[in-house]
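Asks: Got entry.txt for you, compact mmCIF, C-alpha atoms:
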# COMPACT_ATOMS: atom_id res chain seq x y z
CA MET H 509 6.80 -41.83 -9.85
CA ASN H 510 6.78 -41.59 -6.05
CA ARG H 511 3.93 -41.12 -3.62
CA PRO H 512 3.62 -39.74 -0.09
CA ALA H 513 4.21 -42.43 2.55
CA SER H 514 1.56 -41.14 4.97
CA LEU H 515 -0.87 -38.33 5.66
CA PHE H 516 1.78 -36.69 7.82
CA ASP H 517 4.25 -36.94 4.96
CA LEU H 518 1.71 -35.15 2.76
CA PHE H 519 1.12 -32.47 5.40
CA LEU H 520 4.85 -31.84 5.79
CA ALA H 521 5.46 -31.67 2.04
CA PHE H 522 2.81 -28.98 1.58
CA THR H 523 3.98 -27.05 4.64
CA ARG H 524 7.50 -27.03 3.26
CA LEU H 525 6.19 -25.95 -0.14
CA ALA H 526 4.04 -23.13 1.27
CA LEU H 527 6.84 -21.73 3.42
CA GLN H 528 9.05 -21.24 0.37
CA GLY H 529 6.50 -19.15 -1.48
CA PHE H 530 6.76 -15.42 -1.04
CA GLY H 531 4.24 -13.56 -3.17
CA GLY H 532 2.66 -16.77 -4.47
CA VAL H 533 3.37 -20.49 -4.34
CA LEU H 534 2.71 -21.62 -7.90
CA ALA H 535 6.33 -21.74 -9.08
CA VAL H 536 7.40 -23.52 -5.89
CA ALA H 537 4.56 -26.04 -6.24
CA GLN H 538 5.77 -27.07 -9.69
CA ARG H 539 9.37 -27.45 -8.55
CA GLU H 540 8.50 -29.46 -5.41
CA LEU H 541 5.68 -31.72 -6.65
CA VAL H 542 7.08 -32.48 -10.09
CA GLU H 543 10.84 -32.11 -9.85
CA ARG H 544 11.87 -32.83 -6.27
CA LEU H 545 9.20 -35.21 -4.94
CA ASP H 546 8.19 -36.69 -8.31
CA TRP H 547 4.60 -37.16 -7.14
CA MET H 548 3.18 -36.15 -10.50
CA SER H 549 4.38 -35.68 -14.07
CA LYS H 550 4.62 -32.25 -15.66
CA GLU H 551 1.54 -33.08 -17.75
CA GLU H 552 -0.48 -34.14 -14.71
CA PHE H 553 0.54 -30.93 -12.97
CA VAL H 554 -0.64 -28.72 -15.83
CA GLU H 555 -3.86 -30.69 -16.18
CA THR H 556 -4.64 -30.47 -12.47
CA LEU H 557 -3.81 -26.78 -12.38
CA ALA H 558 -6.10 -26.10 -15.33
CA ILE H 559 -9.02 -27.59 -13.41
CA ALA H 560 -7.96 -25.80 -10.22
CA GLN H 561 -8.00 -22.51 -12.10
CA VAL H 562 -11.45 -22.98 -13.54
CA LEU H 563 -12.86 -23.71 -10.10
CA PRO H 564 -13.29 -20.86 -7.63
CA GLY H 565 -10.88 -20.65 -4.71
CA PRO H 566 -7.15 -20.12 -4.40
CA ASN H 567 -5.59 -21.99 -7.34
CA VAL H 568 -2.65 -23.58 -5.62
CA VAL H 569 -4.67 -24.45 -2.52
CA ASN H 570 -7.24 -26.11 -4.80
CA LEU H 571 -4.39 -27.95 -6.49
CA SER H 572 -3.00 -29.15 -3.16
CA MET H 573 -6.38 -30.57 -2.18
CA MET H 574 -6.72 -32.33 -5.52
CA VAL H 575 -3.28 -33.91 -5.10
CA GLY H 576 -4.06 -34.99 -1.52
CA ASP H 577 -7.41 -36.37 -2.64
CA ARG H 578 -5.76 -38.45 -5.32
CA PHE H 579 -3.44 -40.22 -2.87
CA PHE H 580 -5.58 -40.56 0.29
CA GLY H 581 -9.12 -39.41 -0.56
CA LEU H 582 -10.83 -36.84 1.66
CA ARG H 583 -8.32 -37.28 4.49
CA GLY H 584 -5.50 -36.58 2.05
CA ALA H 585 -7.23 -33.45 0.75
CA LEU H 586 -7.62 -32.15 4.31
CA ALA H 587 -4.01 -32.98 5.22
CA ALA H 588 -2.75 -31.13 2.15
CA LEU H 589 -5.02 -28.16 2.89
CA ALA H 590 -3.82 -28.02 6.49
CA GLY H 591 -0.23 -28.22 5.29
CA MET H 592 -0.72 -25.27 2.95
CA LEU H 593 -2.46 -23.07 5.51
CA ALA H 594 -1.68 -23.92 9.15
CA VAL H 595 1.95 -22.89 9.68
CA PRO H 596 1.89 -20.00 7.17
CA ALA H 597 -1.28 -18.67 8.88
CA LEU H 598 0.49 -18.73 12.26
CA ILE H 599 3.38 -16.76 10.81
CA VAL H 600 1.31 -14.16 8.99
CA LEU H 601 -1.02 -13.59 11.97
CA SER H 602 1.96 -13.19 14.31
CA LEU H 603 3.27 -10.55 11.94
CA ALA H 604 -0.14 -8.88 11.84
CA ALA H 605 -0.28 -8.84 15.65
CA ALA H 606 3.21 -7.40 15.90
CA PHE H 607 2.33 -4.82 13.28
CA ASP H 608 0.17 -2.93 15.80
CA GLN H 609 3.33 -2.16 17.78
CA LEU H 610 5.43 -1.78 14.66
CA ALA H 611 2.97 0.71 13.20
CA ALA H 612 3.92 3.19 15.93
CA HIS H 613 7.39 3.38 14.35
CA PRO H 614 7.51 5.63 11.28
CA VAL H 615 10.26 3.48 9.75
CA ALA H 616 8.01 0.40 9.82
CA VAL H 617 5.19 2.37 8.22
CA ASP H 618 7.58 3.63 5.54
CA ALA H 619 8.92 0.11 4.93
CA LEU H 620 5.43 -1.29 4.59
CA ARG H 621 4.48 1.45 2.15
CA GLY H 622 7.41 0.38 -0.02
CA MET H 623 6.42 -3.29 0.26
CA GLY H 624 2.82 -2.39 -0.55
CA ALA H 625 3.83 -0.56 -3.72
CA VAL H 626 5.88 -3.59 -4.79
CA SER H 627 3.05 -6.03 -4.14
CA ALA H 628 0.68 -3.85 -6.16
CA GLY H 629 3.27 -3.95 -8.94
CA LEU H 630 3.56 -7.75 -8.62
CA ILE H 631 -0.16 -8.18 -9.15
CA LEU H 632 -0.19 -5.83 -12.15
CA ALA H 633 2.77 -7.75 -13.58
CA THR H 634 1.01 -11.09 -13.06
CA GLY H 635 -1.98 -9.81 -15.00
CA LEU H 636 0.24 -8.55 -17.83
CA LYS H 637 2.26 -11.78 -17.86
CA LEU H 638 -0.91 -13.85 -18.30
CA LEU H 639 -2.46 -11.68 -21.03
CA PRO H 640 -0.78 -13.64 -23.87
CA ALA H 641 -2.82 -16.66 -22.72
CA LEU H 642 -5.79 -14.96 -24.44
CA LYS H 643 -4.09 -15.53 -27.81
CA THR H 644 -5.40 -19.09 -27.93
CA SER H 645 -8.86 -18.24 -26.57
CA PRO H 646 -11.73 -19.85 -28.52
CA LEU H 647 -13.36 -16.41 -28.33
CA GLY H 648 -10.76 -15.06 -30.71
CA ARG H 649 -8.04 -12.72 -29.54
CA PRO H 650 -9.76 -9.33 -30.16
CA LEU H 651 -12.94 -10.24 -28.32
CA ALA H 652 -11.04 -11.84 -25.44
CA ILE H 653 -8.88 -8.75 -24.98
CA ALA H 654 -11.92 -6.47 -25.24
CA LEU H 655 -13.66 -8.46 -22.49
CA ALA H 656 -10.58 -8.29 -20.27
CA LEU H 657 -10.37 -4.51 -20.78
CA ALA H 658 -14.08 -4.11 -20.10
CA ALA H 659 -13.70 -6.09 -16.86
CA PHE H 660 -10.79 -3.87 -15.84
CA LEU H 661 -12.79 -0.69 -16.52
CA LEU H 662 -16.04 -1.81 -14.89
CA ILE H 663 -14.38 -3.13 -11.74
CA GLY H 664 -11.19 -1.13 -11.39
CA VAL H 665 -12.32 2.28 -12.59
CA LEU H 666 -16.12 2.41 -12.37
CA ARG H 667 -16.12 0.22 -9.22
CA TRP H 668 -19.05 -1.95 -10.21
CA PRO H 669 -19.87 -4.79 -7.80
CA LEU H 670 -18.05 -7.93 -8.90
CA ILE H 671 -21.18 -10.02 -9.24
CA THR H 672 -22.76 -7.64 -11.78
CA ALA H 673 -19.61 -7.54 -13.89
CA LEU H 674 -19.26 -11.34 -13.65
CA ALA H 675 -22.84 -11.94 -14.72
CA LEU H 676 -22.64 -9.50 -17.62
CA LEU H 677 -19.16 -10.10 -19.05
CA GLY H 678 -18.65 -13.70 -17.89
CA GLY H 679 -22.09 -14.63 -19.15
CA ALA H 680 -21.46 -13.01 -22.54
CA GLY H 681 -18.04 -14.66 -22.81
CA MET H 682 -19.41 -18.10 -21.98
CA LEU H 683 -22.27 -17.79 -24.47
CA VAL H 684 -19.95 -16.78 -27.30
CA ALA H 685 -17.43 -19.47 -26.35
CA TYR H 686 -20.13 -22.14 -26.24
CA TRP H 687 -21.47 -21.08 -29.62
CA LYS H 688 -17.95 -21.09 -31.15
CA LEU H 689 -16.96 -24.44 -29.62
CA LYS H 690 -20.07 -26.25 -30.78
CA MET D 644 -17.17 -7.50 17.67
CA ALA D 645 -20.82 -8.52 18.05
CA PRO D 646 -21.66 -12.09 16.98
CA ALA D 647 -24.04 -10.69 14.35
CA ASP D 648 -21.22 -8.63 12.79
CA LEU D 649 -18.86 -11.59 12.96
CA PHE D 650 -21.46 -13.67 11.18
CA SER D 651 -21.96 -11.06 8.48
CA LEU D 652 -18.16 -10.98 8.01
CA PHE D 653 -18.22 -14.77 7.57
CA LEU D 654 -21.18 -14.56 5.22
CA HIS D 655 -19.54 -11.90 3.07
CA PHE D 656 -16.54 -14.15 2.49
CA VAL D 657 -18.82 -17.14 1.87
CA THR D 658 -20.46 -15.25 -1.01
CA LEU D 659 -17.06 -14.22 -2.38
CA SER D 660 -15.67 -17.75 -2.18
CA LEU D 661 -17.58 -19.08 -5.18
CA LEU D 662 -16.77 -15.91 -7.13
CA SER D 663 -13.05 -16.18 -6.52
CA ILE D 664 -12.19 -17.71 -9.85
CA GLY D 665 -8.52 -16.98 -10.44
CA GLY D 666 -7.90 -16.88 -6.71
CA ALA D 667 -9.17 -14.87 -3.76
CA ILE D 668 -7.09 -11.91 -4.92
CA SER D 669 -9.52 -11.37 -7.80
CA THR D 670 -12.28 -10.48 -5.31
CA VAL D 671 -10.19 -7.79 -3.60
CA PRO D 672 -12.22 -4.97 -5.18
CA GLU D 673 -15.38 -6.46 -3.67
CA MET D 674 -13.73 -6.92 -0.25
CA HIS D 675 -12.66 -3.28 -0.42
CA ARG D 676 -16.22 -2.18 -1.20
CA PHE D 677 -17.53 -4.10 1.81
CA LEU D 678 -14.82 -3.60 4.46
CA VAL D 679 -13.81 -0.01 3.68
CA ASP D 680 -16.63 1.73 1.78
CA LYS D 681 -19.72 0.04 3.20
CA THR D 682 -19.03 -1.02 6.80
CA GLY D 683 -15.98 1.12 7.54
CA TRP D 684 -14.48 -1.78 9.54
CA LEU D 685 -11.10 -1.07 7.97
CA SER D 686 -9.47 2.19 6.90
CA GLU D 687 -8.01 2.57 3.43
CA ALA D 688 -4.52 2.29 4.91
CA GLY D 689 -5.49 -0.72 7.07
CA PHE D 690 -6.87 -2.52 4.03
CA THR D 691 -3.83 -1.92 1.86
CA SER D 692 -1.31 -2.74 4.59
CA SER D 693 -3.15 -6.00 5.42
CA ILE D 694 -2.62 -7.18 1.86
CA ALA D 695 0.97 -5.93 1.75
CA LEU D 696 1.75 -7.76 4.98
CA ALA D 697 0.35 -11.05 3.69
CA GLN D 698 2.24 -10.66 0.41
CA ALA D 699 5.46 -10.08 2.34
CA ALA D 700 4.97 -13.26 4.40
CA PRO D 701 5.50 -16.79 3.05
CA GLY D 702 2.51 -18.94 2.08
CA PRO D 703 -0.42 -18.89 -0.32
CA ASN D 704 -1.76 -15.44 -1.22
CA VAL D 705 -5.18 -16.33 0.18
CA LEU D 706 -3.81 -15.74 3.69
CA PHE D 707 -4.36 -12.01 3.14
CA VAL D 708 -7.99 -12.86 3.93
CA ALA D 709 -6.91 -14.08 7.39
CA VAL D 710 -5.05 -10.79 7.95
CA LEU D 711 -8.07 -8.73 6.83
CA GLY D 712 -10.28 -10.69 9.24
CA PHE D 713 -7.68 -10.35 11.99
CA ASN D 714 -7.56 -6.58 11.58
CA VAL D 715 -11.35 -6.38 11.69
CA ALA D 716 -11.92 -8.61 14.74
CA GLY D 717 -8.78 -10.37 15.98
CA LEU D 718 -8.40 -14.15 15.88
CA GLN D 719 -12.17 -14.68 15.68
CA GLY D 720 -12.27 -12.40 12.67
CA ALA D 721 -9.39 -14.25 11.02
CA ALA D 722 -11.14 -17.60 11.58
CA ALA D 723 -14.50 -16.28 10.32
CA ALA D 724 -13.01 -14.76 7.18
CA MET D 725 -10.81 -17.78 6.35
CA ALA D 726 -13.60 -20.29 6.98
CA GLY D 727 -15.89 -18.19 4.79
CA ILE D 728 -13.51 -17.89 1.85
CA MET D 729 -12.34 -21.54 2.02
CA LEU D 730 -15.45 -23.61 2.78
CA PRO D 731 -17.63 -23.25 -0.33
CA SER D 732 -14.79 -23.35 -2.84
CA SER D 733 -13.13 -26.35 -1.14
CA VAL D 734 -16.34 -28.35 -1.06
CA LEU D 735 -16.95 -27.50 -4.71
CA THR D 736 -13.36 -28.36 -5.67
CA LEU D 737 -13.53 -31.75 -4.01
CA THR D 738 -16.91 -32.70 -5.41
CA ALA D 739 -16.25 -31.35 -8.90
CA THR D 740 -12.70 -32.61 -9.40
CA ARG D 741 -13.43 -36.21 -10.30
CA TRP D 742 -16.40 -35.33 -12.44
CA MET D 743 -14.44 -32.67 -14.31
CA ARG D 744 -11.51 -34.97 -14.91
CA ALA D 745 -13.85 -37.47 -16.49
CA ASN D 746 -15.55 -34.83 -18.67
CA ARG D 747 -12.53 -32.84 -19.76
CA GLY D 748 -13.67 -32.45 -23.35
CA HIS D 749 -17.26 -31.39 -22.58
CA ALA D 750 -18.20 -28.25 -24.59
CA GLY D 751 -20.00 -26.60 -21.65
CA LEU D 752 -16.93 -26.88 -19.43
CA ARG D 753 -14.61 -25.57 -22.10
CA ALA D 754 -17.00 -22.66 -22.75
CA PHE D 755 -17.05 -21.89 -19.03
CA SER D 756 -13.29 -21.76 -18.84
CA ALA D 757 -12.85 -19.83 -22.10
CA GLY D 758 -15.58 -17.35 -21.20
CA MET D 759 -14.17 -16.66 -17.75
CA MET D 760 -10.52 -16.30 -18.71
CA PRO D 761 -10.64 -12.70 -20.03
CA LEU D 762 -12.61 -11.67 -16.95
CA THR D 763 -10.06 -13.28 -14.65
CA LEU D 764 -7.26 -11.33 -16.29
CA GLY D 765 -9.21 -8.05 -16.20
CA LEU D 766 -9.87 -8.67 -12.51
CA ILE D 767 -6.22 -9.26 -11.69
CA LEU D 768 -5.29 -6.02 -13.43
CA ALA D 769 -8.11 -4.14 -11.65
CA THR D 770 -6.81 -5.50 -8.35
CA GLY D 771 -3.30 -4.24 -9.05
CA TRP D 772 -4.73 -0.89 -10.09
CA LEU D 773 -6.89 -0.51 -6.97
CA LEU D 774 -3.95 -1.40 -4.73
CA SER D 775 -1.74 1.13 -6.53
CA LEU D 776 -4.23 4.03 -6.32
CA PRO D 777 -3.83 4.99 -2.64
CA PHE D 778 -0.06 5.37 -3.17
CA LEU D 779 -0.53 7.47 -6.28
CA ARG D 780 -3.14 9.70 -4.60
CA ALA D 781 -0.85 10.65 -1.71
CA GLU D 782 1.10 13.56 -3.17
CA GLU D 783 4.23 13.21 -1.04
CA HIS D 784 4.60 9.51 -1.97
CA ARG D 785 3.41 9.61 -5.56
CA TRP D 786 6.66 9.58 -7.51
CA GLY D 787 8.54 7.18 -5.25
CA ALA D 788 5.68 4.70 -5.26
CA LEU D 789 5.15 5.00 -9.00
CA THR D 790 8.85 4.30 -9.59
CA LEU D 791 8.67 1.21 -7.37
CA ILE D 792 5.51 -0.09 -9.05
CA VAL D 793 6.91 0.37 -12.55
CA ALA D 794 10.27 -1.14 -11.54
CA THR D 795 8.48 -4.16 -10.07
CA VAL D 796 6.43 -4.71 -13.22
CA VAL D 797 9.51 -4.44 -15.44
CA LEU D 798 11.64 -6.71 -13.22
CA THR D 799 8.87 -9.33 -13.00
CA LEU D 800 8.30 -9.38 -16.74
CA LYS D 801 11.92 -9.15 -17.87
CA THR D 802 13.96 -11.03 -15.23
CA ARG D 803 13.73 -14.15 -13.10
CA LEU D 804 14.58 -12.28 -9.90
CA GLY D 805 12.93 -13.94 -6.87
CA LEU D 806 9.75 -12.14 -5.82
CA VAL D 807 10.84 -12.11 -2.19
CA TRP D 808 13.84 -9.95 -3.10
CA MET D 809 11.61 -7.39 -4.76
CA VAL D 810 9.29 -7.21 -1.74
CA LEU D 811 12.31 -6.85 0.57
CA GLY D 812 13.82 -4.24 -1.75
CA GLY D 813 10.58 -2.27 -1.58
CA GLY D 814 10.71 -2.45 2.22
CA VAL D 815 14.29 -1.18 2.29
CA ALA D 816 13.49 1.63 -0.15
CA GLY D 817 10.55 2.59 2.04
CA ALA D 818 12.56 2.45 5.27
CA LEU D 819 15.20 4.69 3.71
CA GLY D 820 12.50 7.27 3.06
CA LEU D 821 12.64 6.95 -0.72
CA VAL D 822 8.95 6.14 -1.20
Write the structure described by the file as structure tokens, please.
Replies:
Amino acid sequence: MNRPASLFDLFLAFTRLALQGFGGVLAVAQRELVERLDWMSKEEFVETLAIAQVLPGPNVVNLSMMVGDRFFGLRGALAALAGMLAVPALIVLSLAAAFDQLAAHPVAVDALRGMGAVSAGLILATGLKLLPALKTSPLGRPLAIALALAAFLLIGVLRWPLITALALLGGAGMLVAYWKLK
Amino acid sequence: MAPADLFSLFLHFVTLSLLSIGGAISTVPEMHRFLVDKTGWLSEAGFTSSIALAQAAPGPNVLFVAVLGFNVAGLQGAAAAMAGIMLPSSVLTLTATRWMRANRGHAGLRAFSAGMMPLTLGLILATGWLLSLPFLRAEEHRWGALTLIVATVVLTLKTRLGLVWMVLGGGVAGALGLV
């Protein structure tokens, strides 16, 4: 098992990782941190990701902070966070700035419409891909799927505010899960 | 943008930060409600293209928040929105990590995670749905966009094709006037 030599090393590793991720960095994170750099085992990666997913915030960014924190404490967490966000933010904001000029060209607008449709499809596919994870839910599969459907309907179709849906469905799910796990 | 508006932009993302379980993308419907429906700071097209642009660029998905902020109020807006979405969740992540690692088997924590999981998945699907709707509503783009969306879903589920190629393919199809 290796470890980053310095804070700068950590920063560079996460910058490199982030720049390879189009449409999400999770797959790249696993390949870089576990396979190429050997900073954590596969098991540690899954365990850390599980916690990162339960906590609010972008999963992989949470994960990067947790990895940085493990090696160098708070300074490591900040270096990893900066690595994930700084250079990619510069790139995406440059694109956004250029888009104002690009938007005057119909071809650019057409291209972006195509890219937008694909990214909508990517998010739908991600949701569908993760649905089988409900199979092992302590809630039982039927209830878990019913809650997911209800969340989709309340938020996607009826346009309820997120916080109301979270309180209602999340609260119900947690209560049932707690009762079943006890 | 007036400082008061900039602050309310920041504050909106602060409140969403702690709700963004499953990633910032799961709070997209709420961002849409605020930025498009309530304040009118962004148009429907501006909102959708901000997200598409961020998805097309390398880096974590959360950077779409920077683009939304940028399109509302330039660099200040990007900084306000990013600081808002990142601060609370990062502080919580750092403080909670060690404690959670030590209490992995605690029933309350497992109930939290199990209870939230279905909601997270429903939210991701709702996000994809809400981002698809504007394309499907525009009559002249409906069938092209629907074909692209369905093709993307099928390719993602059935193949290991790199996501960047799909996004680029969508751009090419759009530029050729197919969408």
Asks: Record the distance separating atom CA of Arg524 of chain H and atom CA of Pro703 of chain D, expressed in Å with one decimal.
Replies: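 Taking atom CA of Arg524 of chain H and atom CA of Pro703 of chain D, their separation equals 11.9 Å.
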Asks: Could you list, as a list in words, every residue within 12 Å of Ser651 of chain D, counting all atoms listed in the file and ignoring same-chain residues fewer than 2 positions away?
Replies: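 Near neighbours after the sequence-gap exclusion: Met644, Ala645, Pro646, Ala647, Asp648, Leu649, Phe653, Leu654, His655, Phe656, Val657, Thr658, Phe677, Leu678, Thr682, Trp684, Gly712, Gly720, Ala723, Ala724 and Gly727 of chain D.
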Asks: I need the residues from that last selection saved to file as an mmCIF file, in the frame of the given file (with C-alpha atoms), if you can.
Replies:
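In the end it all went to again_21.cif:
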data_model
loop_
_atom_site.group_PDB
_atom_site.id
_atom_site.type_symbol
_atom_site.label_atom_id
_atom_site.label_comp_id
_atom_site.auth_asym_id
_atom_site.auth_seq_id
_atom_site.Cartn_x
_atom_site.Cartn_y
_atom_site.Cartn_z
ATOM 1 C CA MET D 644 -17.170 -7.500 17.670
ATOM 2 C CA ALA D 645 -20.820 -8.520 18.050
ATOM 3 C CA PRO D 646 -21.660 -12.090 16.980
ATOM 4 C CA ALA D 647 -24.040 -10.690 14.350
ATOM 5 C CA ASP D 648 -21.220 -8.630 12.790
ATOM 6 C CA LEU D 649 -18.860 -11.590 12.960
ATOM 7 C CA PHE D 653 -18.220 -14.770 7.570
ATOM 8 C CA LEU D 654 -21.180 -14.560 5.220
ATOM 9 C CA HIS D 655 -19.540 -11.900 3.070
ATOM 10 C CA PHE D 656 -16.540 -14.150 2.490
ATOM 11 C CA VAL D 657 -18.820 -17.140 1.870
ATOM 12 C CA THR D 658 -20.460 -15.250 -1.010
ATOM 13 C CA PHE D 677 -17.530 -4.100 1.810
ATOM 14 C CA LEU D 678 -14.820 -3.600 4.460
ATOM 15 C CA THR D 682 -19.030 -1.020 6.800
ATOM 16 C CA TRP D 684 -14.480 -1.780 9.540
ATOM 17 C CA GLY D 712 -10.280 -10.690 9.240
ATOM 18 C CA GLY D 720 -12.270 -12.400 12.670
ATOM 19 C CA ALA D 723 -14.500 -16.280 10.320
ATOM 20 C CA ALA D 724 -13.010 -14.760 7.180
ATOM 21 C CA GLY D 727 -15.890 -18.190 4.790
#
Asks: With a cut-off of 6 Å, could you pull out the residues of chain D touching chain H and give me the nearest pair of atoms for each, distance in Å to one decimal, using all atoms listed in the file, ordered by chain and ascending number, as JSON lines?
Replies:
{"residue": "D:Leu661", "atom": "CA", "partner": "H:Pro564", "partner_atom": "CA", "distance": 5.3}
{"residue": "D:Ser663", "atom": "CA", "partner": "H:Pro564", "partner_atom": "CA", "distance": 4.8}
{"residue": "D:Ile664", "atom": "CA", "partner": "H:Pro564", "partner_atom": "CA", "distance": 4.0}
{"residue": "D:Gly665", "atom": "CA", "partner": "H:Gln561", "partner_atom": "CA", "distance": 5.8}
{"residue": "D:Gly666", "atom": "CA", "partner": "H:Pro566", "partner_atom": "CA", "distance": 4.0}
{"residue": "D:Ala667", "atom": "CA", "partner": "H:Pro566", "partner_atom": "CA", "distance": 5.7}
{"residue": "D:Ala695", "atom": "CA", "partner": "H:Gly624", "partner_atom": "CA", "distance": 4.6}
{"residue": "D:Gln698", "atom": "CA", "partner": "H:Gly531", "partner_atom": "CA", "distance": 5.0}
{"residue": "D:Ala700", "atom": "CA", "partner": "H:Val600", "partner_atom": "CA", "distance": 5.9}
{"residue": "D:Pro701", "atom": "CA", "partner": "H:Phe530", "partner_atom": "CA", "distance": 4.5}
{"residue": "D:Gly702", "atom": "CA", "partner": "H:Ala526", "partner_atom": "CA", "distance": 4.5}
{"residue": "D:Pro703", "atom": "CA", "partner": "H:Gly532", "partner_atom": "CA", "distance": 5.6}
{"residue": "D:Asn704", "atom": "CA", "partner": "H:Gly532", "partner_atom": "CA", "distance": 5.6}
{"residue": "D:Ser732", "atom": "CA", "partner": "H:Gly565", "partner_atom": "CA", "distance": 5.1}
{"residue": "D:Ala754", "atom": "CA", "partner": "H:Tyr686", "partner_atom": "CA", "distance": 4.7}
{"residue": "D:Phe755", "atom": "CA", "partner": "H:Met682", "partner_atom": "CA", "distance": 5.4}
{"residue": "D:Ser756", "atom": "CA", "partner": "H:Val562", "partner_atom": "CA", "distance": 5.7}
{"residue": "D:Gly758", "atom": "CA", "partner": "H:Met682", "partner_atom": "CA", "distance": 4.0}
{"residue": "D:Met759", "atom": "CA", "partner": "H:Gly678", "partner_atom": "CA", "distance": 5.4}
{"residue": "D:Pro761", "atom": "CA", "partner": "H:Ala656", "partner_atom": "CA", "distance": 4.4}
{"residue": "D:Leu762", "atom": "CA", "partner": "H:Ala656", "partner_atom": "CA", "distance": 5.2}
{"residue": "D:Leu764", "atom": "CA", "partner": "H:Gly635", "partner_atom": "CA", "distance": 5.6}
{"residue": "D:Gly765", "atom": "CA", "partner": "H:Ala656", "partner_atom": "CA", "distance": 4.3}
{"residue": "D:Leu766", "atom": "CA", "partner": "H:Phe660", "partner_atom": "CA", "distance": 5.9}
{"residue": "D:Ile767", "atom": "CA", "partner": "H:Gly635", "partner_atom": "CA", "distance": 5.4}
{"residue": "D:Leu768", "atom": "CA", "partner": "H:Leu632", "partner_atom": "CA", "distance": 5.3}
{"residue": "D:Ala769", "atom": "CA", "partner": "H:Gly664", "partner_atom": "CA", "distance": 4.3}
{"residue": "D:Gly771", "atom": "CA", "partner": "H:Leu632", "partner_atom": "CA", "distance": 4.7}
{"residue": "D:Leu774", "atom": "CA", "partner": "H:Ala628", "partner_atom": "CA", "distance": 5.4}
{"residue": "D:Ser775", "atom": "CA", "partner": "H:Ala628", "partner_atom": "CA", "distance": 5.5}
{"residue": "D:Ala788", "atom": "CA", "partner": "H:Ala625", "partner_atom": "CA", "distance": 5.8}
{"residue": "D:Ile792", "atom": "CA", "partner": "H:Gly629", "partner_atom": "CA", "distance": 4.5}
{"residue": "D:Thr795", "atom": "CA", "partner": "H:Gly629", "partner_atom": "CA", "distance": 5.3}
{"residue": "D:Val796", "atom": "CA", "partner": "H:Ala633", "partner_atom": "CA", "distance": 4.8}
{"residue": "D:Val807", "atom": "CA", "partner": "H:Phe530", "partner_atom": "CA", "distance": 5.4}
{"residue": "D:Val810", "atom": "CA", "partner": "H:Met623", "partner_atom": "CA", "distance": 5.3}
{"residue": "D:Gly813", "atom": "CA", "partner": "H:Gly622", "partner_atom": "CA", "distance": 4.4}
{"residue": "D:Gly814", "atom": "CA", "partner": "H:Ala619", "partner_atom": "CA", "distance": 4.1}
{"residue": "D:Gly817", "atom": "CA", "partner": "H:Ala619", "partner_atom": "CA", "distance": 4.1}
{"residue": "D:Ala818", "atom": "CA", "partner": "H:Ala619", "partner_atom": "CA", "distance": 4.3}
Asks: Could you work out how far atom CA of Phe579 of chain H lies from atom CA of Met743 of chain D, giving the answer in Å with one decimal?
Replies: 17.6 Å
Asks: Can you pull out every residue within 8 Å of Val708 of chain D, counting all atoms listed in the file, but drop anything in the same chain fewer than 2 positions away, and send it as an MDAnalysis selection string?
Replies: chainID D and resid 705:706 710:712 721 724:725 728
